[in-house]
Amino acid sequence: MIRFEAVSKHFPDGTKAVDGLTFRAPTGQITVLVGPSGCGKTTSLRMINRMIQPTSGRILIDGRDTSTMDETELRRGIGYVIQHAGLFPHRTIVANIATVPILLGWNKRKARARAFELLERVGLPASFAKRYPAQLSGGEQQRVGVARALAADPPVMLMDEPFSAVDPVVREQLQDEFLRLQGDLGKTIVFVTHDIDEAIKLGDQVAVLRTGGHLAQLADPAYLLAHPVDDFVADFVGKDRGYRALSFQASPHFALAQERTVPLGATPAQAAGAARGGWILVVDEGRRPLGWIEPDRLTGPIQPEMLARGGTVATVGGPLRNVLDAALSSPSRRGVVVDDQGVVLGTLRAHEVLAEIEDRARPELQDEAVPPAGGDRPDEESQQGEESQQGQSGRPNGGARRVDSAGSADSAQPSEESPA
Ligand SMILES: Nc1ncnc2c1ncn2[C@@H]1O[C@H](COP(=O)(O)OP(=O)(O)O)[C@@H](O)[C@H]1O
Ligand SMILES: [Mg+2]
């Protein structure tokens, strides 16, 4: 665990970059520091590995005051990833990744083997090893940056806007891969971003900072969305936070309406016979949804290009938000629910989802283990509070990590999962 105890940084020119910051980053979890530009995120991060010296206060890692630790030893246990990856331009990819192991005195073969292993881990082909950074895309460079930070297997990772410089689609992929990687590795991560959606998606807990390096609120994402502590946090979290909060609530076992379906190639008469409310769901041979069609408009057998696509499909047991979105985005107003294999189970209408939402308690009643707001007070209890800090009960899919920022795994793979 990393603990900030009333940490301040005042630069010689009088700038108060960080002011009395107190929080803890639990072991094995992702703590996100989020806030507007200039609010002291980078300064806070760099004080952890002592690239910047605090003016006052203490930072402890596993109970040890970092100011008393040997700097080299401290940094050996900390991986650091920055925006634009910060790779050495004149070194190959494999040499970049092996940088720290070589510095630590590993022999070359072992360091190279480790580099190749990590290249694969972050989803890059071994053939990239001999390339130079300029021969990689921004997203690929960023992956190499992550691999390099992981090379010596440090328990702690500091990540400063690592995905901010790449386009939204690649960013989403990098975020998903990062969550998968963290699912395997369980590092203690402090992650800095100015993007609240990224913070909500990646953070086990999220610390919202305001200008001057003040902690406005520290909570898990579901709690933050449901209970912003003041107008600043509410504005920062955004206007659609009520809807977004549904990402953190698992769907119950809804009683689904049976949906009659037709295959591609069905005739207008067959489709009309099976239609309900003017629409019929078209499925493939495995009963996976392909899209909706209005039999009244058919002039011949159903062809793929005739289907109304673009709606989302919800997987049973997934987040409530996905079910609601499936209903709202469906041309027939009937949201398609599928099983884990993508096979149609039935449909559901928005009012049924809303009735469920109406009946539900707000997140704090379920997540009793989550502190309402942390940080502004120093923590009295030290290590033993670590386990109880995070309530996982709000996570859909039995506590599995989300890989969807918008709350819809569907949106990441529109071709696979969006029939209609
Ligand atoms: N070396 C420095 N000297 C003076 N002011 C600095 C220095 N580094 C950062 N600052 C100021 O401290 C504040 C916080 O900076 P920073 O931590 O980089 O913010 P963020 O990463 O949240 O955008 C800003 O006002 C910035 O201009
Ligand atoms: Mg910064």
# chains A, B, ... in the order shown; residues from 1 in each chain; ligands from 1
>>> residues_near_ligand(ligand="ligand 2", cutoff="8 Å", atoms="only C-alpha atoms and all ligand atoms", output="PyMOL selection string")
chain A and resi 37-38+40-43+160-161+192-193
>>> residues_near_ligand(ligand="ligand 1", cutoff="10 Å", atoms="only C-alpha atoms and all ligand atoms", output="PyMOL selection string")
chain A and resi 9-18+33-47+52+160-161+192-194+209-213
>>> atom_distance(atom1="atom CA of A:Pro26", atom2="atom CA of A:Gly186")
10.9 Å
>>> select_by_dssp(residues="stretch 28-200 of chain A", states="strand (DSSP E)", output="list in words")
Ile30, Thr31, Val32, Leu33, Val34, Ser56, Gly57, Arg58, Ile59, Leu60, Ile61, Arg64, Asp65, Ile78, Gly79, Tyr80, Val81, Ile82, Val156, Met157, Leu158, Met159, Asp160, Thr188, Ile189, Val190, Phe191, Val192 and Thr193 of chain A
>>> residues_around(residues="A:Thr188", least_positions_apart="2", cutoff="9 Å", atoms="only C-alpha atoms", output="JSON, numbers by chain")
{"A": [1, 2, 25, 26, 27, 28, 29, 30, 31, 155, 156, 157, 158, 186, 190]}
>>> residues_around(residues="A:Ser67", least_positions_apart="2", cutoff="8 Å", atoms="only C-alpha atoms", output="PDB file with C-alpha atoms, in the first residue's frame")
ATOM      1  CA  ARG A  50      11.079  10.955  -5.598  1.00  0.00           C
ATOM      2  CA  ARG A  58       5.269  11.855   4.082  1.00  0.00           C
ATOM      3  CA  ILE A  59       4.769   9.154   1.502  1.00  0.00           C
ATOM      4  CA  ASP A  65       8.819   6.298   4.629  1.00  0.00           C
ATOM      5  CA  MET A  69      14.832   4.767   1.383  1.00  0.00           C
TER       6      MET A  69
END
>>> residues_around(residues="A:Leu119", least_positions_apart="4", cutoff="10 Å", atoms="only C-alpha atoms", output="list in words")
Ile93, Val94, Ile97, Ala113, Arg114, Ala115, Gly123, Leu124, Pro125, Ala126, Ser127, Phe128, Ala129, Arg143, Val144, Val146, Ala147, Arg148 and Ala151 of chain A
>>> closest_residue(among="A:Ala275, A:Ala95, A:Val32, A:Val170", to="A:Ala207", atoms="only C-alpha atoms")
A:Val32
>>> residues_around(residues="A:Ser251", least_positions_apart="5", cutoff="10 Å", atoms="only C-alpha atoms", output="short mmCIF file (atom, residue, chain, number, x, y, z; two decimals) with N, CA and C atoms, in the first residue's frame")
data_model
loop_
_atom_site.label_atom_id
_atom_site.label_comp_id
_atom_site.auth_asym_id
_atom_site.auth_seq_id
_atom_site.Cartn_x
_atom_site.Cartn_y
_atom_site.Cartn_z
N LEU A 246 -25.35 2.86 -13.84
CA LEU A 246 -25.97 1.54 -14.06
C LEU A 246 -24.96 0.51 -14.54
N ALA A 314 -27.63 -7.13 -25.04
CA ALA A 314 -27.15 -7.29 -23.67
C ALA A 314 -26.93 -8.77 -23.38
N THR A 315 -25.86 -9.04 -22.64
CA THR A 315 -25.60 -10.41 -22.23
C THR A 315 -26.23 -10.64 -20.86
N VAL A 316 -26.85 -11.78 -20.69
CA VAL A 316 -27.55 -12.07 -19.43
C VAL A 316 -26.58 -11.98 -18.25
N GLY A 317 -27.02 -11.33 -17.18
CA GLY A 317 -26.17 -11.19 -16.00
C GLY A 317 -25.19 -10.04 -16.08
N GLY A 318 -25.15 -9.36 -17.21
CA GLY A 318 -24.25 -8.22 -17.38
C GLY A 318 -24.80 -6.98 -16.68
N PRO A 319 -24.18 -5.82 -16.93
CA PRO A 319 -24.63 -4.61 -16.25
C PRO A 319 -26.05 -4.19 -16.65
N LEU A 320 -26.77 -3.62 -15.71
CA LEU A 320 -28.12 -3.10 -15.98
C LEU A 320 -28.11 -2.10 -17.11
N ARG A 321 -27.06 -1.32 -17.19
CA ARG A 321 -26.98 -0.30 -18.24
C ARG A 321 -27.09 -0.92 -19.63
N ASN A 322 -26.47 -2.09 -19.79
CA ASN A 322 -26.49 -2.72 -21.12
C ASN A 322 -27.90 -3.17 -21.50
N VAL A 323 -28.65 -3.65 -20.51
CA VAL A 323 -30.01 -4.10 -20.78
C VAL A 323 -30.88 -2.91 -21.17
N LEU A 324 -30.73 -1.83 -20.38
CA LEU A 324 -31.52 -0.64 -20.69
C LEU A 324 -31.15 -0.10 -22.07
N VAL A 353 -36.99 -2.64 -17.36
CA VAL A 353 -35.69 -2.37 -16.75
C VAL A 353 -35.82 -1.22 -15.75
N GLU A 356 -37.21 -2.22 -12.46
CA GLU A 356 -36.17 -2.85 -11.64
C GLU A 356 -35.29 -1.77 -10.99
N ILE A 357 -34.94 -0.76 -11.78
CA ILE A 357 -34.08 0.31 -11.25
C ILE A 357 -34.80 1.05 -10.12
N PRO A 396 -20.86 -5.95 -11.71
CA PRO A 396 -21.63 -6.95 -12.44
C PRO A 396 -20.76 -8.16 -12.79
N ASN A 397 -21.37 -9.18 -13.28
CA ASN A 397 -20.66 -10.38 -13.70
C ASN A 397 -19.85 -10.98 -12.57
#
